[in-house]
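Novice: Submitted below is the structure of interest, expressed as structure tokens.
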Amino acid sequence: MKNVSQSQHQVALFSGVASLARSYALRLLLGLCALLSVSVQAAQVEATVSKNIVAVNEVFQLVIAIDSNVNPNSLDLSALEDNFTYGRPSVSSNNSYTNGTLSSSTQWRIAIAAKNIGHITIPSFRIGATASEPIELQVLKSANAATSNEPNIKLSSTLDKPSLYVGESAQLTVRILIAEQLDQAALVAPEADGIDIVQQGEDKQAERILNGRRYIEITRKYQLTPFKSGDIILKGAQFKTSIVKGSRGFGSTLSVPFEKQADDITLTVKPKPKNYQGLWLPTADLQLEQTWQPNSVEARVGDPITRTLTLSIKNVAQSSMPNLNIDYPRSVRVYSEKPIYSQDNGYTRMVIKQVIIPREVGPLDLPSLTVNWWNTQSNQQQTTRVEGLAIKVKEGDLSNNVQLPLLKTPASQTNSDTAEVVKVQTVKDAGFWPWLTAIVTSLWLLTTGFWLKARQRNRTHVSAHQQETKTHGSTPSSQEQVLSNLLTAVKANQPIQVQSYYQQWQHSEYQVSYIEQVATEVHAMMKAHYSASSHTWDNKTLISLLEKANKCRAKASTNNALASLIPSKNSQDSK
């Protein structure tokens, strides 16, 4: 009986424990369900706006919040792209513990602006399993006639003359006044059919105050050159930018696209008059000046004469500057430097420097220069002229010596070097035949002199040396000085001095291959300084050649070749 009673007691104990366990499990399950219910109810997405009646491109604020701590990238704003412009969202998260309850939230604040007029809906945004409600907006052209929403940007353009001739240039000035914060900006050039439009110089920036408001003023100038006649419509320049909008309270900003175009301008272009003669050059003013250096009526063979021509034309593009063709006589050699262009007070200025080298003794007439042009103010043809120069050329210090031609390029290459924007017609060389004839004649005379000297055996060695010095035409010391001056001029990159000293230098005393190398380098130097096309040249090679000149003399080979013509001292003694 005692054992039965204990068994019943144990069964009752186990039953109570099981009942208690079931009760606690049920309570725990109910608590979890309640907690899940509270959590699901708290994780709601809510969307609000700062105003629901706005103007086009007016910036307002959109706030999206969820009562949970979620990833900031959980919000997708791509649904706004069709009807709205929006900036980068400002994201904030918050966790708080109040009265034993933990709460979390995440919030996105976005600056937003509508693109079009009408009733537009901000779509719902889904985060996880929940989504916000859509928001209806009314977008007006101007909210409550508030003109303050119009960007404070002004664009204007002015043309200095509404009527001009074909080929004549006018200046268009475009000004932009800005009192807004810009993200990006670009000014699109005006357009017109039949007009070349080129920007002049760099933009100018300054500050201006209008009606108490501070503006940034940007000025840009264009040169307009029509190439056909008639009434041509010039489409105004267009300013494209993005305006940064938003406020401190928004927490973010956005860039609103903005475009503004200047008014169109009608340009009247007159054709070239039928009775005009010569190259068509319309302008309101043309000035032609020249200087001579030295300005003297006498010169010597080989001495350089510098002629500087300055042509200034008003309202003409650089590409329309005329070619200056000057026919110089054959008795001179001409080197023309590259033209130098500049712009000043509406004038296009071109400066050409020519170096003229007389090659023959006698009177020399350097030609004048005439430029025909059409005066657009008086509507008649005019001629501007600068006079030439008449000089008398005398013999140079070493004019009797045979001189190698400085430039050995064929005529075709010389023409190609000068066929650029400004062409100056230089002297046409007679070719290599005069030089070849002179060299052959000199060598024949030299050989004859040595033959006669061999027959005159009663001459002393001193007299023979004096005769040889006379044949060369200069003493060794003078030739060394010329060589030194030539080397100094090369190091200083002075082409005029190089040309002068090079002609005075005794070439016959050196090896033929050496002279050819020096002539090639001197030609390259002249080409780099005076050719119309662009060339580069380094003086290191020519300096190296001149520094080793004494090692390249042709004395040894000359003595061997003439040894049979000169009697030796022993033979004279034996006799």
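For the structure tokens, the naming scheme is as follows: chains receive sequential letters (A, B, ...) according to their order of presentation, residues are indexed from 1 within each chain, and ligands are indexed from 1 in presentation order.
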Please return as an MDAnalysis selection string: the residues of stretch 108-166 of chain A that backbone DSSP assigns to helix (DSSP H, G or I).
Specialist: chainID A and resid 143:145 147:149
Novice: Could you pull the residues within 10 Å of A:Gln380, counting only C-alpha atoms, minus those fewer than 5 positions along the same chain, as a PyMOL selection string?
Specialist: chain A and resi 273+275-276+282+373-375
Novice: Those same residues, written as a JSON list (two decimals), in the first residue's frame with C-alpha atoms?
Specialist:
[["chain", "number", "residue", "atom", "x", "y", "z"],
["A", 273, "PRO", "CA", 31.45, 96.22, -105.94],
["A", 275, "ASN", "CA", 34.06, 98.06, -110.47],
["A", 276, "TYR", "CA", 36.63, 97.11, -107.82],
["A", 282, "PRO", "CA", 37.28, 95.73, -97.27],
["A", 373, "TRP", "CA", 41.81, 98.12, -100.40],
["A", 374, "TRP", "CA", 38.15, 99.16, -100.19],
["A", 375, "ASN", "CA", 37.26, 101.90, -97.72]]
Novice: Name the residues of stretch 194-409 of chain A that come out as strand (DSSP E) in a backbone DSSP run; write them as a PyMOL selection string.
Specialist: chain A and resi 195-210+213-226+230-234+238-246+253-261+265-270+282-283+286-293+298-300+305-314+332-336+340-344+347-358+362-366+369-375+380-386+389-394
Novice: So that I can see what lies close to stretch 192-195 of chain A, please list as a list of chain:residue names the residues with an atom at most 10 Å from it, counting only C-alpha atoms and leaving out residues fewer than 5 positions away in the same chain.
Specialist: A:Val166, A:Gly167, A:Ser169, A:Gln223, A:Leu224, A:Thr225, A:Pro226, A:Phe227, A:Lys228, A:Ser229, A:Gly230, A:Ile232, A:Ile233, A:Leu234, A:Lys235, A:Gly236, A:Asp264, A:Ile265, A:Thr266, A:Leu267, A:Val269
Novice: Using only C-alpha atoms, which protein or nucleic acid residues come within 8 Å of A:Tyr347? Drop anything in the same chain fewer than 6 positions from it, and give the result as a count of residues only.
Specialist: 5
Novice: Could you check how far atom CA of A:Glu289 sits from atom CA of A:Arg307, in Å to one decimal?
Specialist: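 If I compute the distance from atom CA of A:Glu289 to atom CA of A:Arg307, I get 10.5 Å.
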Novice: Identify, on the basis of only C-alpha atoms, every residue whose closest approach to stretch 548-552 of chain A does not exceed 9 Å; exclude the query and any residue fewer than 6 positions from it along the same chain; express the result as a list in words.
Specialist: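 What passes the distance filter is Leu483, Glu509, Tyr510, Gln511 and Tyr514 of chain A.
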Novice: Save the residues we just selected, N, CA, C and O atoms, as a PDB file, in the first residue's frame?
Specialist:
ATOM      1  N   LEU A 483      86.757  83.529 -88.477  1.00  0.00           N
ATOM      2  CA  LEU A 483      86.239  82.266 -87.953  1.00  0.00           C
ATOM      3  C   LEU A 483      85.764  82.422 -86.511  1.00  0.00           C
ATOM      4  O   LEU A 483      84.720  81.880 -86.116  1.00  0.00           O
ATOM      5  N   GLU A 509      90.399  76.784 -98.129  1.00  0.00           N
ATOM      6  CA  GLU A 509      91.473  76.246 -97.316  1.00  0.00           C
ATOM      7  C   GLU A 509      91.087  74.973 -96.584  1.00  0.00           C
ATOM      8  O   GLU A 509      91.914  74.414 -95.867  1.00  0.00           O
ATOM      9  N   TYR A 510      89.848  74.523 -96.736  1.00  0.00           N
ATOM     10  CA  TYR A 510      89.366  73.392 -95.951  1.00  0.00           C
ATOM     11  C   TYR A 510      88.913  72.260 -96.867  1.00  0.00           C
ATOM     12  O   TYR A 510      88.690  72.437 -98.069  1.00  0.00           O
ATOM     13  N   GLN A 511      88.760  71.097 -96.270  1.00  0.00           N
ATOM     14  CA  GLN A 511      88.351  69.911 -97.013  1.00  0.00           C
ATOM     15  C   GLN A 511      86.928  70.094 -97.550  1.00  0.00           C
ATOM     16  O   GLN A 511      86.083  70.713 -96.911  1.00  0.00           O
ATOM     17  N   TYR A 514      84.121  68.774 -95.379  1.00  0.00           N
ATOM     18  CA  TYR A 514      83.906  69.618 -94.208  1.00  0.00           C
ATOM     19  C   TYR A 514      83.098  70.856 -94.581  1.00  0.00           C
ATOM     20  O   TYR A 514      82.168  71.247 -93.850  1.00  0.00           O
TER      21      TYR A 514
END
